[in-house]
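Data from structure_16.txt: compact mmCIF, C-alpha atoms and all ligand atoms
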# COMPACT_ATOMS: atom_id res chain seq x y z
CA MET A 30 154.36 93.44 90.92
CA LEU A 31 151.16 92.18 89.38
CA GLN A 32 149.19 94.56 87.15
CA ILE A 33 145.44 94.05 87.05
CA HIS A 34 143.04 95.33 84.41
CA GLN A 35 139.34 94.99 85.24
CA PHE A 36 136.48 95.61 82.81
CA PRO A 37 132.76 94.79 82.58
CA CYS A 38 131.70 91.80 80.47
CA LEU A 39 128.32 90.37 79.45
CA SER A 40 125.49 91.75 81.59
CA ASP A 41 127.05 91.64 85.06
CA ASN A 42 130.39 89.80 84.88
CA TYR A 43 133.79 91.35 85.37
CA GLY A 44 136.69 90.44 83.15
CA PHE A 45 140.24 90.51 84.49
CA LEU A 46 143.54 90.53 82.68
CA ILE A 47 146.60 90.17 84.89
CA HIS A 48 150.05 91.07 83.67
CA ASP A 49 153.64 90.57 84.73
CA PRO A 50 155.47 93.63 83.34
CA ALA A 51 158.86 91.95 83.77
CA THR A 52 158.12 89.13 81.33
CA GLY A 53 155.07 90.40 79.43
CA ALA A 54 153.07 87.33 80.44
CA THR A 55 149.34 88.00 80.65
CA ALA A 56 146.59 85.79 82.02
CA ALA A 57 142.88 86.04 81.40
CA ILE A 58 141.10 85.24 84.63
CA ASP A 59 138.08 83.38 83.23
CA THR A 60 136.71 83.98 79.76
CA PRO A 61 133.13 85.27 79.85
CA ASP A 62 133.48 87.02 76.49
CA ALA A 63 136.39 86.16 74.16
CA GLU A 64 135.97 89.19 71.88
CA GLU A 65 135.92 91.64 74.75
CA TYR A 66 139.00 90.05 76.31
CA LEU A 67 140.91 90.22 73.03
CA ARG A 68 139.85 93.85 72.54
CA GLN A 69 140.88 94.82 76.08
CA ALA A 70 144.22 93.02 75.79
CA GLU A 71 144.97 94.80 72.52
CA ALA A 72 144.07 98.16 74.02
CA LYS A 73 146.51 97.51 76.90
CA GLY A 74 149.20 96.30 74.50
CA TRP A 75 149.23 92.93 76.29
CA ARG A 76 149.30 89.52 74.60
CA ILE A 77 147.26 86.85 76.40
CA THR A 78 149.63 83.96 77.17
CA ASP A 79 147.46 82.13 79.71
CA ILE A 80 143.88 81.48 80.66
CA TRP A 81 143.13 80.71 84.30
CA ASN A 82 139.63 79.41 84.93
CA THR A 83 137.88 79.41 88.30
CA HIS A 84 135.06 77.00 87.34
CA TRP A 85 133.31 75.45 84.38
CA HIS A 86 130.26 77.73 83.98
CA PRO A 87 129.91 79.23 80.48
CA ASP A 88 130.21 82.81 81.78
CA HIS A 89 133.65 81.79 83.12
CA ALA A 90 135.08 79.30 80.63
CA GLY A 91 132.90 79.81 77.55
CA GLY A 92 135.51 81.93 75.78
CA ASN A 93 138.43 79.53 76.32
CA ALA A 94 138.38 78.01 72.83
CA ALA A 95 138.17 81.31 70.96
CA ILE A 96 140.91 83.01 73.01
CA LYS A 97 143.13 79.96 72.76
CA GLU A 98 142.64 79.76 69.01
CA ASN A 99 143.44 83.44 68.64
CA THR A 100 146.45 83.64 70.97
CA GLY A 101 147.73 80.11 71.57
CA ALA A 102 147.22 80.68 75.30
CA THR A 103 147.73 77.83 77.75
CA VAL A 104 144.59 76.95 79.72
CA THR A 105 144.92 76.26 83.44
CA GLY A 106 141.90 75.32 85.51
CA PRO A 107 140.00 72.72 87.48
CA ALA A 108 139.25 69.39 85.76
CA GLU A 109 135.54 70.27 85.59
CA VAL A 110 136.28 72.85 82.84
CA LYS A 111 136.18 69.96 80.33
CA ARG A 112 132.39 70.02 80.77
CA ILE A 113 132.15 72.93 78.36
CA GLY A 114 134.69 71.75 75.79
CA THR A 115 138.28 70.66 75.91
CA PRO A 116 140.05 69.85 79.18
CA PRO A 117 142.52 72.45 80.50
CA ASP A 118 146.13 72.03 79.34
CA ARG A 119 147.02 72.01 83.01
CA VAL A 120 144.55 70.74 85.60
CA VAL A 121 145.05 72.29 89.03
CA ASP A 122 143.45 71.94 92.44
CA ASP A 123 143.99 72.85 96.07
CA GLY A 124 147.62 73.53 96.96
CA ASP A 125 148.95 73.74 93.42
CA ARG A 126 151.17 76.66 92.42
CA VAL A 127 150.74 78.53 89.17
CA LYS A 128 152.83 81.30 87.66
CA ILE A 129 152.18 84.22 85.41
CA GLY A 130 155.63 85.15 84.16
CA GLY A 131 157.66 85.45 87.35
CA ILE A 132 154.73 85.95 89.70
CA GLU A 133 153.40 83.00 91.65
CA ALA A 134 149.88 82.26 92.80
CA ARG A 135 148.47 79.48 94.93
CA VAL A 136 145.34 77.53 94.09
CA LEU A 137 142.64 77.12 96.71
CA ASN A 138 139.74 74.76 96.22
CA VAL A 139 136.67 76.79 97.15
CA GLY A 140 134.04 74.35 95.92
CA GLY A 141 130.33 74.70 96.60
CA HIS A 142 129.02 76.89 93.77
CA THR A 143 130.47 74.12 91.58
CA LEU A 144 132.30 71.15 93.06
CA GLY A 145 135.67 71.99 91.53
CA HIS A 146 135.60 75.79 91.88
CA ILE A 147 139.04 77.24 92.64
CA ALA A 148 140.45 80.61 93.61
CA TYR A 149 143.86 82.04 92.70
CA VAL A 150 145.74 83.69 95.56
CA PHE A 151 148.74 85.97 95.05
CA ASP A 152 150.21 85.97 98.53
CA ALA A 153 152.94 88.53 97.87
CA ASP A 154 150.46 91.05 96.46
CA LYS A 155 147.67 90.05 98.89
CA VAL A 156 145.27 89.65 95.99
CA ALA A 157 142.82 86.84 95.28
CA PHE A 158 140.57 86.06 92.33
CA VAL A 159 137.59 84.29 93.85
CA GLY A 160 135.24 83.79 90.88
CA ASP A 161 131.71 82.96 92.05
CA ALA A 162 132.71 81.63 95.48
CA LEU A 163 132.53 84.87 97.47
CA PHE A 164 130.83 88.04 96.23
CA ALA A 165 130.80 91.50 97.71
CA LEU A 166 128.14 91.04 100.43
CA GLY A 167 127.24 87.62 99.01
CA CYS A 168 128.39 84.19 97.99
CA GLY A 169 127.77 81.84 95.08
CA ARG A 170 124.62 79.76 94.88
CA LEU A 171 125.10 76.13 95.84
CA PHE A 172 124.47 74.57 92.43
CA GLU A 173 126.61 71.50 93.14
CA GLY A 174 128.07 71.50 96.63
CA THR A 175 126.70 71.21 100.15
CA PRO A 176 126.47 73.97 102.75
CA GLN A 177 129.27 72.23 104.66
CA GLN A 178 131.55 72.34 101.60
CA MET A 179 130.77 76.00 100.88
CA TRP A 180 131.21 77.01 104.50
CA THR A 181 134.63 75.33 104.54
CA SER A 182 135.50 77.16 101.30
CA LEU A 183 134.46 80.52 102.72
CA GLN A 184 136.59 79.87 105.81
CA LYS A 185 139.63 79.32 103.57
CA LEU A 186 139.06 82.74 102.01
CA ALA A 187 138.40 84.28 105.42
CA ALA A 188 141.83 82.99 106.52
CA LEU A 189 143.60 85.28 104.04
CA PRO A 190 145.05 88.51 105.47
CA ASP A 191 142.38 91.03 106.47
CA ASP A 192 143.85 93.60 104.09
CA ALA A 193 143.71 91.18 101.12
CA THR A 194 141.97 92.51 98.02
CA LEU A 195 139.33 90.18 96.60
CA TYR A 196 138.24 90.24 92.97
CA CYS A 197 134.90 88.50 92.44
CA ALA A 198 133.38 87.79 89.05
CA HIS A 199 130.02 89.59 89.19
CA GLU A 200 128.56 92.97 90.03
CA TYR A 201 125.77 91.67 92.27
CA THR A 202 126.55 93.93 95.18
CA GLN A 203 123.54 96.22 95.23
CA SER A 204 121.02 93.37 95.31
CA ASN A 205 123.22 91.48 97.77
CA ALA A 206 123.09 94.57 100.00
CA ARG A 207 119.28 94.45 100.09
CA PHE A 208 119.39 90.90 101.42
CA ALA A 209 122.22 91.68 103.84
CA LEU A 210 120.27 94.59 105.32
CA ALA A 211 117.18 92.38 105.69
CA VAL A 212 119.00 89.75 107.77
CA ASP A 213 121.54 91.98 109.56
CA PRO A 214 119.65 95.26 110.03
CA ASP A 215 121.52 96.45 113.13
CA ASN A 216 124.98 96.25 111.54
CA ALA A 217 126.22 99.85 111.37
CA ALA A 218 129.17 98.96 109.12
CA LEU A 219 126.76 97.31 106.69
CA ARG A 220 124.50 100.37 106.59
CA THR A 221 127.47 102.61 105.87
CA ARG A 222 128.74 100.26 103.18
CA SER A 223 125.31 99.93 101.58
CA ALA A 224 125.03 103.70 101.24
CA GLU A 225 128.52 103.80 99.68
CA ILE A 226 127.52 101.03 97.24
CA ASP A 227 124.46 103.00 96.17
CA ARG A 228 126.67 106.05 95.58
CA LEU A 229 129.17 104.04 93.51
CA ARG A 230 126.49 102.40 91.37
CA ALA A 231 124.67 105.70 90.82
CA ALA A 232 127.98 107.03 89.47
CA GLY A 233 128.37 103.95 87.24
CA LYS A 234 131.37 102.71 89.23
CA PRO A 235 132.21 99.11 90.19
CA THR A 236 131.96 97.86 93.78
CA VAL A 237 134.60 95.21 92.97
CA PRO A 238 137.28 94.59 94.19
CA MET A 239 136.65 94.57 97.94
CA THR A 240 138.76 93.99 101.03
CA LEU A 241 138.41 90.89 103.14
CA ARG A 242 138.17 93.06 106.29
CA LEU A 243 135.03 94.75 104.99
CA GLU A 244 133.51 91.40 103.95
CA LYS A 245 134.15 89.96 107.40
CA ASP A 246 132.36 92.94 108.94
CA THR A 247 129.42 93.10 106.56
CA ASN A 248 128.96 89.96 104.43
CA PRO A 249 125.98 88.07 105.90
CA PHE A 250 127.39 84.69 104.84
CA LEU A 251 130.73 85.23 106.57
CA ARG A 252 128.73 86.62 109.50
CA ALA A 253 126.35 83.65 109.63
CA PRO A 254 127.45 82.60 113.16
CA ALA A 255 126.92 86.17 114.42
CA ILE A 256 123.55 86.55 112.71
CA LEU A 257 122.20 83.16 113.85
CA PRO A 258 124.18 82.49 117.04
CA ASN A 259 121.96 79.72 118.40
CA VAL A 260 122.76 77.07 115.78
CA ASP A 261 126.09 75.72 114.57
CA PRO A 262 127.90 77.76 111.92
CA VAL A 263 127.16 75.40 109.02
CA GLU A 264 123.46 75.32 109.90
CA ALA A 265 123.46 79.11 110.19
CA PHE A 266 125.16 79.44 106.81
CA ALA A 267 122.76 76.91 105.22
CA ALA A 268 119.72 78.75 106.59
CA LEU A 269 120.94 82.12 105.28
CA ARG A 270 121.87 80.69 101.87
CA LYS A 271 118.37 79.16 101.57
CA GLN A 272 116.76 82.41 102.67
CA LYS A 273 118.75 84.30 100.03
CA ASP A 274 117.69 81.83 97.32
CA GLU A 275 114.07 82.63 98.17
CA PHE A 276 114.56 86.35 98.84
CA LYS A 277 112.51 88.79 96.83
CA GLY A 278 113.94 92.16 97.54
ZN ZN A 301 129.23 80.47 88.13
FE FE A 302 129.31 83.41 87.09

Output the structure of this file as structure tokens.
Ligand code: ZN
Ligand code: FE
Amino acid sequence: MLQIHQFPCLSDNYGFLIHDPATGATAAIDTPDAEEYLRQAEAKGWRITDIWNTHWHPDHAGGNAAIKENTGATVTGPAEVKRIGTPPDRVVDDGDRVKIGGIEARVLNVGGHTLGHIAYVFDADKVAFVGDALFALGCGRLFEGTPQQMWTSLQKLAALPDDATLYCAHEYTQSNARFALAVDPDNAALRTRSAEIDRLRAAGKPTVPMTLRLEKDTNPFLRAPAILPNVDPVEAFAALRKQKDEFKG
């Protein structure tokens, strides 16, 4: 069974090291901060054998070179990762299978934040690493893709089992909650969750990971068709994404 070690990185990223105890294989999910990853791996007694990138942004792939130089790790990721340096040793995209030791994950293309953004899904463990595609109560900004592409990507994630655990790459939840409450004020589950988020953050605790079930009930982007029922789902999603980009809350 997959072991997951989560730790804060940079100002609001999360770092993840995943480990197969049977083989000792360890993957860095993204590389926001090489030094912190190396320190955390050493503290766990794990040696980083692999780097799995979700997308090319520097707070996700910027530490690839340093970690690779230090550990000899193999880099797996979307082709776009070459934009910040060397291409991945193994380029993957939708439908590919990747393994950490004996544990298999499936690659989903969840483009929109960047065109080539991928997620890693461990079906047996019901765990997914979703990078900047879906956040707790939010979703990634559309820097490169269209609303149609992002909506399709979010539907792929929404098709995972309801009790799947989602690990997103940033602690943006409290500000996401302010927007969610502004556009979905009558959602009782959202109000309850928002209060819980405030409690967690006041105690210095992470709001990541989250369950898909709770996102489906409270994330305004997944709920776009319920929040704006009179337009088609892509239009509803596009309108909410635009509103969030302009939101001052
Ligand atoms: Zn990003
Ligand atoms: Fe990011």

Exercise for review: Please check which residues have atoms at most 9 Å from (141.0, 90.3, 94.4) in the file's coordinates, counting all atoms listed in the file, and write them as a list of chain:residue names.
Suggested key: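 Output of the proximity query reads A:Tyr149, A:Val150, A:Phe151, A:Lys155, A:Val156, A:Ala157, A:Phe158, A:Val159, A:Ala193, A:Thr194, A:Leu195, A:Tyr196, A:Cys197, A:Val237, A:Pro238, A:Met239, A:Thr240.
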
Do you know which residues are at most 7 Å from segment 30-45 of chain A counting all atoms listed in the file, after dropping those on the same chain fewer than 3 positions away, and could you put them as an mmCIF file with C-alpha atoms, in the frame of the given file?
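Ended up saving to result_17.cif:
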data_model
loop_
_atom_site.group_PDB
_atom_site.id
_atom_site.type_symbol
_atom_site.label_atom_id
_atom_site.label_comp_id
_atom_site.auth_asym_id
_atom_site.auth_seq_id
_atom_site.Cartn_x
_atom_site.Cartn_y
_atom_site.Cartn_z
ATOM 1 C CA HIS A 48 150.050 91.070 83.670
ATOM 2 C CA ASP A 49 153.640 90.570 84.730
ATOM 3 C CA ALA A 57 142.880 86.040 81.400
ATOM 4 C CA ILE A 58 141.100 85.240 84.630
ATOM 5 C CA PRO A 61 133.130 85.270 79.850
ATOM 6 C CA ASP A 62 133.480 87.020 76.490
ATOM 7 C CA ALA A 198 133.380 87.790 89.050
ATOM 8 C CA HIS A 199 130.020 89.590 89.190
ATOM 9 C CA GLU A 200 128.560 92.970 90.030
#

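Compared by their closest atoms to ligand ZN 301 (chain A), and using only C-alpha atoms and all ligand atoms, the residues A:Glu109, A:Glu64, A:Asp122, A:Asp161 rank with A:Asp161 nearest.
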
Practice item. Give the residue list for ligand ZN 301 (chain A) at 12 Å, counting all atoms listed in the file, as a ChimeraX atom specification, sorted by chain and then by residue number. Key: /A:41-42,59-61,82-91,110,140-147,159-164,168-173,197-199

Practice item. May I ask which of the residues A:Gln178, A:Ile113, A:Tyr201, A:Leu183 is the closest one to ligand FE 302 (chain A), counting all atoms listed in the file? Key: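 The closest residue to ligand FE 302 (chain A) is A:Tyr201.
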
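By only C-alpha atoms, and with residues fewer than 4 positions from Pro176 of chain A along its chain excluded, the set lying at most 7 Å from it is Trp180, Val263, Phe266 and Ala267 of chain A.
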